[in-house]
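Asks: This is the content of my_file-v9.cif (mmCIF, C-alpha atoms):
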```
data_target
#
loop_
_atom_site.label_atom_id
_atom_site.label_comp_id
_atom_site.auth_asym_id
_atom_site.auth_seq_id
_atom_site.Cartn_x
_atom_site.Cartn_y
_atom_site.Cartn_z
CA MET A 1 0.00 0.00 0.00
CA ASP A 2 1.13 3.58 -0.61
CA TYR A 3 -0.19 4.64 2.79
CA ARG A 4 -0.52 3.38 6.33
CA LEU A 5 -2.89 3.91 9.22
CA VAL A 6 -1.29 5.39 12.34
CA PRO A 7 -3.27 5.03 15.61
CA ALA A 8 -4.08 8.41 17.15
CA ARG A 9 -5.89 9.91 20.14
CA PHE A 10 -8.99 12.04 19.81
CA SER A 11 -7.09 14.80 21.60
CA ALA A 12 -4.71 14.88 18.59
CA LEU A 13 -7.50 15.72 16.13
CA PRO A 14 -7.26 19.49 15.50
CA GLY A 15 -10.55 21.09 16.54
CA TRP A 16 -12.20 17.89 17.78
CA ASP A 17 -13.25 19.43 21.10
CA GLU A 18 -15.05 22.26 19.27
CA ASP A 19 -16.88 20.18 16.70
CA ASP A 20 -20.55 19.24 16.91
CA PRO A 21 -21.01 15.99 14.92
CA THR A 22 -24.71 15.63 15.83
CA PRO A 23 -25.89 15.82 12.16
CA LEU A 24 -24.01 12.58 11.42
CA LEU A 25 -26.26 10.45 13.63
CA ALA A 26 -29.34 10.66 11.39
CA ALA A 27 -27.22 10.08 8.28
CA MET A 28 -25.64 7.01 9.88
CA SER A 29 -29.09 5.69 10.71
CA ARG A 30 -30.08 6.03 7.05
CA CYS A 31 -26.90 4.15 6.01
CA ARG A 32 -27.82 1.40 8.48
CA ASP A 33 -31.30 1.10 6.96
CA HIS A 34 -29.81 0.82 3.47
CA ILE A 35 -27.38 -1.91 4.50
CA ARG A 36 -30.04 -3.90 6.33
CA THR A 37 -32.90 -3.56 3.85
CA VAL A 38 -31.21 -3.15 0.44
CA LYS A 39 -27.63 -4.42 0.34
CA PRO A 40 -24.28 -3.90 2.10
CA TYR A 41 -21.80 -1.36 0.82
CA LYS A 42 -18.85 -2.71 -1.11
CA THR A 43 -15.77 -3.24 1.05
CA GLY A 44 -12.88 -1.00 0.04
CA SER A 45 -9.29 -2.20 -0.11
CA LEU A 46 -8.75 -0.91 3.42
CA GLY A 47 -10.81 -3.93 4.45
CA ILE A 48 -13.47 -2.46 6.74
CA THR A 49 -16.63 -4.39 5.96
CA ALA A 50 -20.23 -3.26 6.13
CA GLY A 51 -20.73 -5.92 8.78
CA GLU A 52 -18.06 -4.35 10.99
CA LEU A 53 -19.57 -0.94 10.32
CA LEU A 54 -23.06 -2.07 11.33
CA ALA A 55 -22.27 -2.16 15.06
CA LEU A 56 -21.39 1.52 14.90
CA LEU A 57 -24.43 2.36 12.77
CA ASP A 58 -26.76 0.42 15.08
CA ALA A 59 -25.40 2.32 18.07
CA ALA A 60 -25.79 5.64 16.24
CA ALA A 61 -29.43 4.83 15.42
CA ALA A 62 -30.12 4.30 19.12
CA GLN A 63 -28.64 7.63 20.19
CA ARG A 64 -30.79 10.47 21.46
CA PRO A 65 -28.53 13.52 21.04
CA GLU A 66 -27.98 15.51 24.22
CA GLY A 67 -25.47 18.07 23.00
CA ALA A 68 -22.18 18.15 21.11
CA ALA A 69 -20.08 16.83 24.01
CA ALA A 70 -22.30 13.77 24.39
CA VAL A 71 -22.13 13.01 20.67
CA ARG A 72 -18.35 13.35 20.67
CA ALA A 73 -18.25 10.98 23.66
CA PHE A 74 -20.31 8.49 21.65
CA PHE A 75 -17.74 8.44 18.85
CA GLU A 76 -14.88 8.27 21.35
CA ALA A 77 -16.45 5.17 22.90
CA GLN A 78 -17.27 3.46 19.60
CA CYS A 79 -14.28 4.27 17.40
CA VAL A 80 -10.50 4.44 17.23
CA PRO A 81 -9.06 7.32 15.16
CA PHE A 82 -6.25 6.57 12.71
CA LEU A 83 -4.22 9.12 10.80
CA ILE A 84 -4.03 8.25 7.10
CA GLU A 85 -0.33 8.74 6.40
CA LYS A 86 0.75 8.60 2.76
CA ALA A 87 4.03 6.90 1.92
CA ASP A 88 5.61 10.15 0.77
CA ARG A 89 4.34 11.96 3.90
CA SER A 90 2.59 14.57 1.75
CA ALA A 91 -0.63 16.14 2.98
CA GLY A 92 -4.07 15.01 1.99
CA PHE A 93 -6.16 17.23 -0.26
CA VAL A 94 -9.79 18.41 -0.26
CA THR A 95 -12.00 20.08 -2.81
CA ALA A 96 -15.74 20.67 -2.59
CA PHE A 97 -18.92 20.21 -4.59
CA TYR A 98 -22.51 21.42 -4.32
CA GLU A 99 -25.97 21.08 -5.82
CA PRO A 100 -26.67 23.98 -8.19
CA GLU A 101 -30.09 25.56 -8.53
CA VAL A 102 -30.89 26.18 -12.18
CA ALA A 103 -33.84 28.15 -13.56
CA VAL A 104 -35.59 26.04 -16.22
CA LYS A 105 -38.71 25.67 -18.31
CA ALA A 106 -40.44 22.43 -19.26
CA GLU A 107 -40.58 23.46 -22.93
CA PRO A 108 -37.94 25.31 -24.95
CA ASP A 109 -38.24 28.88 -26.14
CA ALA A 110 -35.86 31.49 -27.54
CA ASP A 111 -34.11 31.91 -24.18
CA TYR A 112 -34.51 28.51 -22.51
CA CYS A 113 -33.00 26.18 -25.10
CA TYR A 114 -30.25 24.13 -23.42
CA PRO A 115 -31.58 20.73 -22.30
CA PHE A 116 -30.84 18.36 -19.47
CA TYR A 117 -31.13 14.82 -20.85
CA ARG A 118 -32.41 11.55 -19.45
CA ARG A 119 -30.28 8.47 -19.99
CA PRO A 120 -30.76 6.98 -23.49
CA ALA A 121 -31.95 3.38 -23.69
CA ASP A 122 -28.99 2.41 -25.88
CA LEU A 123 -26.41 3.56 -23.32
CA ILE A 124 -24.80 0.37 -21.99
CA ASP A 125 -22.83 -0.25 -18.80
CA ILE A 126 -19.43 -1.72 -19.61
CA ASP A 127 -17.20 -3.93 -17.49
CA ASP A 128 -14.54 -6.55 -18.22
CA SER A 129 -17.22 -9.06 -19.22
CA ASN A 130 -18.48 -7.09 -22.22
CA ARG A 131 -15.74 -4.55 -23.01
CA PRO A 132 -15.07 -4.53 -26.76
CA ALA A 133 -11.49 -4.75 -27.96
CA GLY A 134 -9.94 -1.34 -28.38
CA LEU A 135 -12.21 0.51 -25.94
CA PRO A 136 -10.02 1.89 -23.12
CA ALA A 137 -10.40 0.39 -19.65
CA GLY A 138 -11.56 3.74 -18.24
CA TYR A 139 -14.81 3.63 -20.22
CA ALA A 140 -17.66 2.42 -18.01
CA PHE A 141 -20.35 3.19 -20.61
CA GLY A 142 -20.77 2.71 -24.34
CA LEU A 143 -23.36 2.81 -27.13
CA GLN A 144 -25.25 -0.33 -28.16
CA LYS A 145 -25.40 -0.06 -31.95
CA ASP A 146 -26.34 -2.78 -34.44
CA GLY A 147 -25.66 -5.48 -31.87
CA VAL A 148 -22.21 -4.27 -30.86
CA ILE A 149 -20.90 -1.83 -28.26
CA VAL A 150 -19.07 1.23 -29.58
CA GLU A 151 -17.93 4.55 -28.15
CA HIS A 152 -20.86 6.89 -27.46
CA PRO A 153 -20.83 10.32 -29.14
CA ASP A 154 -19.13 12.87 -26.88
CA ARG A 155 -20.20 16.24 -25.44
CA GLY A 156 -19.62 18.16 -28.64
CA GLU A 157 -21.61 15.71 -30.76
CA VAL A 158 -24.49 15.62 -28.25
CA GLU A 159 -24.67 19.41 -28.05
CA ARG A 160 -24.61 19.63 -31.84
CA GLY A 161 -27.85 17.60 -31.93
CA TYR A 162 -27.04 13.88 -31.74
CA LEU A 163 -29.97 13.21 -29.35
CA ASN A 164 -32.50 15.53 -31.00
CA GLY A 165 -35.96 14.06 -31.56
CA ARG A 166 -35.69 11.21 -29.04
CA GLY A 167 -37.79 12.82 -26.30
CA LEU A 168 -35.04 12.61 -23.68
CA GLU A 169 -35.20 16.24 -22.57
CA ILE A 170 -36.10 16.75 -18.89
CA ALA A 171 -36.13 20.56 -18.93
CA TYR A 172 -34.41 23.50 -20.61
CA ALA A 173 -32.03 26.04 -19.07
CA ARG A 174 -31.11 29.43 -20.50
CA SER A 175 -27.37 28.99 -19.99
CA LYS A 176 -25.16 26.36 -21.53
CA VAL A 177 -22.61 27.11 -18.83
CA ASP A 178 -25.19 26.42 -16.09
CA VAL A 179 -25.91 23.04 -17.67
CA PHE A 180 -22.19 22.28 -17.89
CA PHE A 181 -21.56 22.99 -14.21
CA ALA A 182 -24.56 20.88 -13.23
CA HIS A 183 -22.82 18.08 -15.16
CA VAL A 184 -19.63 18.70 -13.21
CA GLN A 185 -21.51 18.51 -9.90
CA GLY A 186 -23.56 15.49 -10.99
CA ALA A 187 -26.88 16.87 -9.69
CA ALA A 188 -29.04 19.99 -9.64
CA ARG A 189 -32.29 21.45 -8.35
CA LEU A 190 -34.41 22.65 -11.23
CA VAL A 191 -36.53 25.71 -10.46
CA TYR A 192 -39.54 26.25 -12.73
CA PRO A 193 -41.29 29.59 -13.39
CA ASP A 194 -44.04 28.77 -10.85
CA ARG A 195 -41.26 28.24 -8.23
CA SER A 196 -41.90 24.50 -8.13
CA MET A 197 -38.75 22.47 -7.83
CA LYS A 198 -37.47 19.12 -9.02
CA ARG A 199 -34.15 17.42 -8.44
CA ILE A 200 -32.07 15.71 -11.09
CA THR A 201 -29.34 13.27 -10.15
CA TYR A 202 -26.70 11.32 -12.03
CA ALA A 203 -27.96 8.43 -14.17
CA GLY A 204 -24.94 7.71 -16.36
CA LYS A 205 -22.53 9.33 -18.78
CA THR A 206 -21.13 8.89 -22.25
CA GLY A 207 -18.06 7.17 -20.83
CA HIS A 208 -15.40 9.58 -22.00
CA PRO A 209 -12.85 10.63 -19.36
CA PHE A 210 -13.49 13.85 -17.45
CA SER A 211 -11.16 16.62 -18.65
CA PRO A 212 -11.18 19.70 -16.39
CA ILE A 213 -11.60 22.95 -18.28
CA GLY A 214 -9.84 24.84 -15.50
CA LYS A 215 -6.62 23.00 -16.33
CA LEU A 216 -7.16 23.76 -20.02
CA LEU A 217 -7.45 27.49 -19.30
CA ILE A 218 -4.39 27.36 -17.04
CA ASP A 219 -2.38 25.57 -19.73
CA ARG A 220 -3.44 28.22 -22.25
CA GLY A 221 -2.35 31.00 -19.90
CA GLU A 222 -5.88 32.34 -19.55
CA ILE A 223 -6.24 31.80 -15.76
CA ASP A 224 -3.65 31.83 -12.98
CA ALA A 225 -3.14 28.40 -11.43
CA GLU A 226 -2.88 30.00 -7.98
CA THR A 227 -6.29 31.64 -8.17
CA VAL A 228 -8.31 29.25 -10.35
CA SER A 229 -11.79 28.56 -8.99
CA MET A 230 -15.26 27.86 -10.28
CA ALA A 231 -15.97 31.59 -10.02
CA SER A 232 -12.90 32.56 -12.07
CA ILE A 233 -13.74 29.96 -14.73
CA ARG A 234 -17.32 31.23 -14.96
CA ASP A 235 -16.08 34.80 -15.20
CA TRP A 236 -13.70 33.87 -18.03
CA LEU A 237 -16.48 32.09 -19.95
CA ALA A 238 -18.81 35.09 -19.52
CA ARG A 239 -16.14 37.36 -21.01
CA HIS A 240 -15.31 35.03 -23.93
CA GLU A 241 -18.67 33.91 -25.29
CA ALA A 242 -17.25 33.02 -28.70
CA ALA A 243 -14.89 30.50 -27.09
CA VAL A 244 -17.44 28.78 -24.84
CA ASP A 245 -18.12 25.79 -27.10
CA ASP A 246 -14.45 25.17 -27.77
CA VAL A 247 -13.65 25.17 -24.05
CA LEU A 248 -16.66 23.15 -22.88
CA TRP A 249 -16.26 20.54 -25.62
CA HIS A 250 -12.71 19.94 -24.41
CA ASN A 251 -14.42 17.94 -21.64
CA ARG A 252 -15.81 15.12 -23.79
CA SER A 253 -17.67 13.54 -20.86
CA PHE A 254 -21.43 14.18 -20.93
CA ILE A 255 -23.79 13.39 -18.06
CA PHE A 256 -27.33 12.00 -18.17
CA PHE A 257 -29.82 12.50 -15.34
CA LYS A 258 -32.88 11.05 -13.70
CA GLU A 259 -35.62 13.00 -11.95
CA ALA A 260 -36.31 12.87 -8.23
CA PRO A 261 -38.46 14.89 -5.83
CA VAL A 262 -36.98 17.33 -3.33
CA ALA A 263 -38.36 15.46 -0.33
CA ASP A 264 -36.36 17.42 2.26
CA SER A 265 -34.98 20.79 1.18
CA ALA A 266 -32.44 20.71 4.03
CA LEU A 267 -30.72 17.64 2.55
CA GLY A 268 -28.80 17.18 -0.64
CA PRO A 269 -29.36 14.61 -3.40
CA ILE A 270 -29.11 10.87 -2.92
CA ALA A 271 -25.53 10.01 -3.76
CA ALA A 272 -23.42 6.88 -4.29
CA ALA A 273 -24.14 5.55 -0.79
CA LYS A 274 -27.87 5.64 -1.69
CA VAL A 275 -28.75 8.07 1.10
CA PRO A 276 -29.15 11.88 0.97
CA LEU A 277 -26.06 14.03 1.36
CA VAL A 278 -25.86 16.19 4.49
CA PRO A 279 -24.58 19.73 3.76
CA GLY A 280 -21.19 20.35 5.31
CA ARG A 281 -20.98 16.82 6.70
CA SER A 282 -20.76 14.57 3.63
CA LEU A 283 -17.50 13.54 2.00
CA ALA A 284 -16.82 11.96 -1.37
CA VAL A 285 -13.98 9.45 -1.08
CA ASP A 286 -12.16 6.89 -3.20
CA ARG A 287 -14.60 3.98 -3.04
CA MET A 288 -11.92 1.53 -4.14
CA ILE A 289 -10.19 2.16 -0.79
CA HIS A 290 -12.87 3.28 1.65
CA THR A 291 -16.25 1.80 2.58
CA PHE A 292 -19.25 4.12 2.50
CA GLY A 293 -20.69 5.05 5.89
CA LEU A 294 -17.35 5.47 7.67
CA PRO A 295 -16.65 8.70 9.60
CA PHE A 296 -13.63 10.86 8.73
CA PHE A 297 -12.30 13.81 10.67
CA ILE A 298 -10.95 16.37 8.20
CA ALA A 299 -8.71 19.19 9.42
CA SER A 300 -7.13 22.02 7.43
CA ASP A 301 -5.44 25.15 8.77
CA SER A 302 -5.67 26.83 5.36
CA LEU A 303 -9.37 26.12 4.81
CA THR A 304 -10.90 28.97 6.78
CA HIS A 305 -13.78 30.39 4.74
CA MET A 306 -16.07 27.47 5.60
CA ASP A 307 -16.13 28.23 9.33
CA GLY A 308 -16.09 32.00 9.67
CA GLY A 309 -12.33 32.38 9.45
CA LYS A 310 -11.44 29.49 11.75
CA PRO A 311 -9.33 26.53 10.60
CA PHE A 312 -11.53 23.70 9.34
CA GLY A 313 -11.96 20.72 11.67
CA ARG A 314 -15.06 18.62 11.19
CA LEU A 315 -16.32 15.05 11.45
CA MET A 316 -17.81 13.91 8.15
CA LEU A 317 -19.37 10.79 6.67
CA ALA A 318 -18.19 9.02 3.51
CA LEU A 319 -21.33 9.08 1.35
CA ASP A 320 -20.17 9.69 -2.21
CA THR A 321 -17.37 9.19 -4.69
CA GLY A 322 -16.13 10.73 -7.94
CA THR A 323 -13.79 10.08 -10.83
CA ALA A 324 -11.38 12.77 -9.63
CA ILE A 325 -11.38 11.49 -6.04
CA VAL A 326 -8.44 9.08 -6.07
CA GLY A 327 -6.23 8.09 -3.17
CA PRO A 328 -6.50 7.36 0.55
CA ALA A 329 -6.39 10.99 1.71
CA ARG A 330 -8.41 12.69 -1.02
CA GLY A 331 -11.88 14.03 -0.35
CA ASP A 332 -14.62 16.20 -1.81
CA ILE A 333 -16.80 18.10 0.68
CA PHE A 334 -20.50 18.60 -0.07
CA THR A 335 -21.31 22.22 0.84
CA GLY A 336 -25.07 22.18 0.17
CA SER A 337 -27.47 23.54 -2.45
CA GLY A 338 -27.79 26.86 -4.23
CA ASP A 339 -25.56 29.85 -4.97
CA ALA A 340 -24.23 30.32 -1.44
CA ALA A 341 -23.13 26.68 -1.32
CA GLY A 342 -21.56 27.12 -4.73
CA ALA A 343 -19.59 30.14 -3.53
CA LEU A 344 -18.21 28.04 -0.68
CA ALA A 345 -17.41 25.04 -2.87
CA GLY A 346 -15.73 27.01 -5.62
CA HIS A 347 -12.83 28.11 -3.42
CA VAL A 348 -11.94 24.81 -1.73
CA ARG A 349 -8.58 23.43 -2.88
CA ASN A 350 -6.71 22.83 0.36
CA ALA A 351 -4.18 20.59 2.01
CA ALA A 352 -5.78 18.63 4.84
CA THR A 353 -5.15 15.85 7.32
CA PHE A 354 -7.42 12.82 7.21
CA HIS A 355 -8.26 10.76 10.28
CA ILE A 356 -10.55 7.79 9.75
CA LEU A 357 -12.69 6.69 12.71
CA VAL A 358 -12.60 2.90 12.64
CA PRO A 359 -15.21 0.89 14.61
CA ARG A 360 -13.49 -0.67 17.61
CA ALA A 361 -13.83 -4.31 16.51
CA ALA A 362 -12.31 -3.54 13.10
CA ALA A 363 -9.60 -1.41 14.75
CA GLU A 364 -8.62 -4.24 17.08
CA ARG A 365 -8.47 -6.65 14.14
CA TYR A 366 -6.29 -4.25 12.19
CA LEU A 367 -3.92 -3.61 15.07
CA HIS A 368 -3.64 -7.33 15.82
CA ALA A 369 -2.82 -8.08 12.18
CA LYS A 370 -0.07 -5.45 12.27
CA GLY A 371 1.36 -7.02 15.41
#
```
When written as structure tokens, how does the structure in this file appear?
Replies:
Amino acid sequence: MDYRLVPARFSALPGWDEDDPTPLLAAMSRCRDHIRTVKPYKTGSLGITAGELLALLDAAAAQRPEGAAAVRAFFEAQCVPFLIEKADRSAGFVTAFYEPEVAVKAEPDADYCYPFYRRPADLIDIDDSNRPAGLPAGYAFGLQKDGVIVEHPDRGEVERGYLNGRGLEIAYARSKVDVFFAHVQGAARLVYPDRSMKRITYAGKTGHPFSPIGKLLIDRGEIDAETVSMASIRDWLARHEAAVDDVLWHNRSFIFFKEAPVADSALGPIAAAKVPLVPGRSLAVDRMIHTFGLPFFIASDSLTHMDGGKPFGRLMLALDTGTAIVGPARGDIFTGSGDAAGALAGHVRNAATFHILVPRAAAERYLHAKG
């Protein structure tokens, strides 16, 4: 492994004594319900199973919160914190994501003409059992055409009309850039003229690798690497309308969505762990390493705008994943929904320390195995 787990004390977690992890209890209860009634989460390479996690989730479901100190005491009794230490001793890294709110109409007009699409019926999931020769291993989706699987048309081809006439449009936005950033986030709340609201969430993609347009603009000398953010990218696109297609089509990946109600406006969309995201408390992790439902304490001295100027130190729950989230100490923080959440998310690119809170039985097994 290119990392190791180093046992730690809760007193060593920067900001632990000031954190209030109460919002995690309800989310952990929802994870427990999913594991027990639907199916267990896949075990990551770290080896913590859903079965080992269940004892912690069962205990969380039985809690009746009586203040931040009591909730911290619950985690201290149930878990052992481990620092995730990378082999090269470099720091971990966090970014952030959010759920945009996009003004839409159900039917197109002169202004609202950029669609969100449902998943096409001929989009096929690909794995090693059906991957055609020549299609790169990174492609998890392809196009079923004339009995064979081929590469699906990319973002540029779709936006030039490849899907026209198939009735896949969910709704229409008035900004191609708004649609693009909803693709990047993988979800959105759609706000209709009567103020009614629907949620769209990820249902698949064309399969092409994600290519960040921020890096493209940095490489072209258009944006400073030290100050790049979602806001600076949007500003550049607004000032260079003639170049928008060229830049957006650089990211060949194109996302398809499914519709869902906004059952609880305080919660985010249902993510990879099949439970709603909790604003400020949900973390996307590398699912090949980590098991969904595990708590992580994330600390960053440089990340200060999330907590009123104080260094960031917060217990979070692993509830999502993403193609850019690779490695044991790499995370993506869900900041919430709407413009304010987007303003928070757009400026998060920070070094951070990652402590994983391992259920005691799994921690004892791990420590015994290490001798």
Asks: How would you write, as a ChimeraX atom specification, the residues chosen by the PyMOL selection byres ((chain A and resi 209) around 6) on this structure?
Replies: /A:208,210,253
Asks: Restrict the selected residues to C-alpha atoms and save them as a short mmCIF file (atom, residue, chain, number, x, y, z; two decimals), in the coordinates of the input.
Replies:
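Now in again21.cif:
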```cif
data_model
loop_
_atom_site.label_atom_id
_atom_site.label_comp_id
_atom_site.auth_asym_id
_atom_site.auth_seq_id
_atom_site.Cartn_x
_atom_site.Cartn_y
_atom_site.Cartn_z
CA HIS A 208 -15.40 9.58 -22.00
CA PHE A 210 -13.49 13.85 -17.45
CA SER A 253 -17.67 13.54 -20.86
#
```
Asks: The PyMOL selection byres ((chain A and resi 328-344) around 6) - which residues does that actually catch in the file I just gave you? List them as a PDB file with C-alpha atoms, in the frame of the given file.
Replies:
```pdb
ATOM      1  CA  GLY A  92      -4.070  15.010   1.990  1.00  0.00           C
ATOM      2  CA  PHE A  93      -6.160  17.230  -0.260  1.00  0.00           C
ATOM      3  CA  VAL A  94      -9.790  18.410  -0.260  1.00  0.00           C
ATOM      4  CA  THR A  95     -12.000  20.080  -2.810  1.00  0.00           C
ATOM      5  CA  ALA A  96     -15.740  20.670  -2.590  1.00  0.00           C
ATOM      6  CA  PHE A  97     -18.920  20.210  -4.590  1.00  0.00           C
ATOM      7  CA  TYR A  98     -22.510  21.420  -4.320  1.00  0.00           C
ATOM      8  CA  GLU A  99     -25.970  21.080  -5.820  1.00  0.00           C
ATOM      9  CA  PRO A 100     -26.670  23.980  -8.190  1.00  0.00           C
ATOM     10  CA  GLU A 101     -30.090  25.560  -8.530  1.00  0.00           C
ATOM     11  CA  PRO A 279     -24.580  19.730   3.760  1.00  0.00           C
ATOM     12  CA  GLY A 280     -21.190  20.350   5.310  1.00  0.00           C
ATOM     13  CA  SER A 282     -20.760  14.570   3.630  1.00  0.00           C
ATOM     14  CA  LEU A 283     -17.500  13.540   2.000  1.00  0.00           C
ATOM     15  CA  ALA A 284     -16.820  11.960  -1.370  1.00  0.00           C
ATOM     16  CA  VAL A 285     -13.980   9.450  -1.080  1.00  0.00           C
ATOM     17  CA  ILE A 325     -11.380  11.490  -6.040  1.00  0.00           C
ATOM     18  CA  GLY A 327      -6.230   8.090  -3.170  1.00  0.00           C
ATOM     19  CA  ALA A 345     -17.410  25.040  -2.870  1.00  0.00           C
ATOM     20  CA  GLY A 346     -15.730  27.010  -5.620  1.00  0.00           C
ATOM     21  CA  PHE A 354      -7.420  12.820   7.210  1.00  0.00           C
TER      22      PHE A 354
END
```
Asks: Could you write out as a list of chain:residue names the residues that the PyMOL selection byres ((chain A and resi 211) around 12) matches in the shown file?
Replies: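 Listing what the PyMOL selection byres ((chain A and resi 211) around 12) selects in the shown file: A:Arg155, A:Val184, A:Gly207, A:His208, A:Pro209, A:Phe210, A:Pro212, A:Ile213, A:Gly214, A:Lys215, A:Leu216, A:Leu217, A:Val247, A:Leu248, A:Trp249, A:His250, A:Asn251, A:Arg252, A:Ser253, A:Phe254, A:Thr323, A:Ala324.
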Asks: Using C-alpha atoms, can you export the residues from the last selection as a PDB file, keeping the file's coordinate frame?
Replies:
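Final file, selection-v7.pdb:
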```
ATOM      1  CA  ARG A 155     -20.200  16.240 -25.440  1.00  0.00           C
ATOM      2  CA  VAL A 184     -19.630  18.700 -13.210  1.00  0.00           C
ATOM      3  CA  GLY A 207     -18.060   7.170 -20.830  1.00  0.00           C
ATOM      4  CA  HIS A 208     -15.400   9.580 -22.000  1.00  0.00           C
ATOM      5  CA  PRO A 209     -12.850  10.630 -19.360  1.00  0.00           C
ATOM      6  CA  PHE A 210     -13.490  13.850 -17.450  1.00  0.00           C
ATOM      7  CA  PRO A 212     -11.180  19.700 -16.390  1.00  0.00           C
ATOM      8  CA  ILE A 213     -11.600  22.950 -18.280  1.00  0.00           C
ATOM      9  CA  GLY A 214      -9.840  24.840 -15.500  1.00  0.00           C
ATOM     10  CA  LYS A 215      -6.620  23.000 -16.330  1.00  0.00           C
ATOM     11  CA  LEU A 216      -7.160  23.760 -20.020  1.00  0.00           C
ATOM     12  CA  LEU A 217      -7.450  27.490 -19.300  1.00  0.00           C
ATOM     13  CA  VAL A 247     -13.650  25.170 -24.050  1.00  0.00           C
ATOM     14  CA  LEU A 248     -16.660  23.150 -22.880  1.00  0.00           C
ATOM     15  CA  TRP A 249     -16.260  20.540 -25.620  1.00  0.00           C
ATOM     16  CA  HIS A 250     -12.710  19.940 -24.410  1.00  0.00           C
ATOM     17  CA  ASN A 251     -14.420  17.940 -21.640  1.00  0.00           C
ATOM     18  CA  ARG A 252     -15.810  15.120 -23.790  1.00  0.00           C
ATOM     19  CA  SER A 253     -17.670  13.540 -20.860  1.00  0.00           C
ATOM     20  CA  PHE A 254     -21.430  14.180 -20.930  1.00  0.00           C
ATOM     21  CA  THR A 323     -13.790  10.080 -10.830  1.00  0.00           C
ATOM     22  CA  ALA A 324     -11.380  12.770  -9.630  1.00  0.00           C
TER      23      ALA A 324
END
```
Asks: Using all atoms listed in the file and a cutoff of 10 Å, can you tell me which residues are near (-30.8, 9.7, 8.9) in the file's coordinates, and write them out as an MDAnalysis selection string?
Replies: chainID A and resid 23:33 60:61 275:278
Asks: A:Asp301, A:Asp286, A:Glu159, A:Asp111: which is nearest Leu46 (chain A), counting only C-alpha atoms?
Replies: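 That would be A:Asp286, the residue with the smallest distance to Leu46 (chain A).
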Asks: Which residue out of A:Leu317, A:Ala351, A:Gly221, A:Phe297 has the minimum interatomic distance to Pro14 (chain A) when only C-alpha atoms are used?
Replies: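 So, comparing all the options, the nearest one is A:Phe297.
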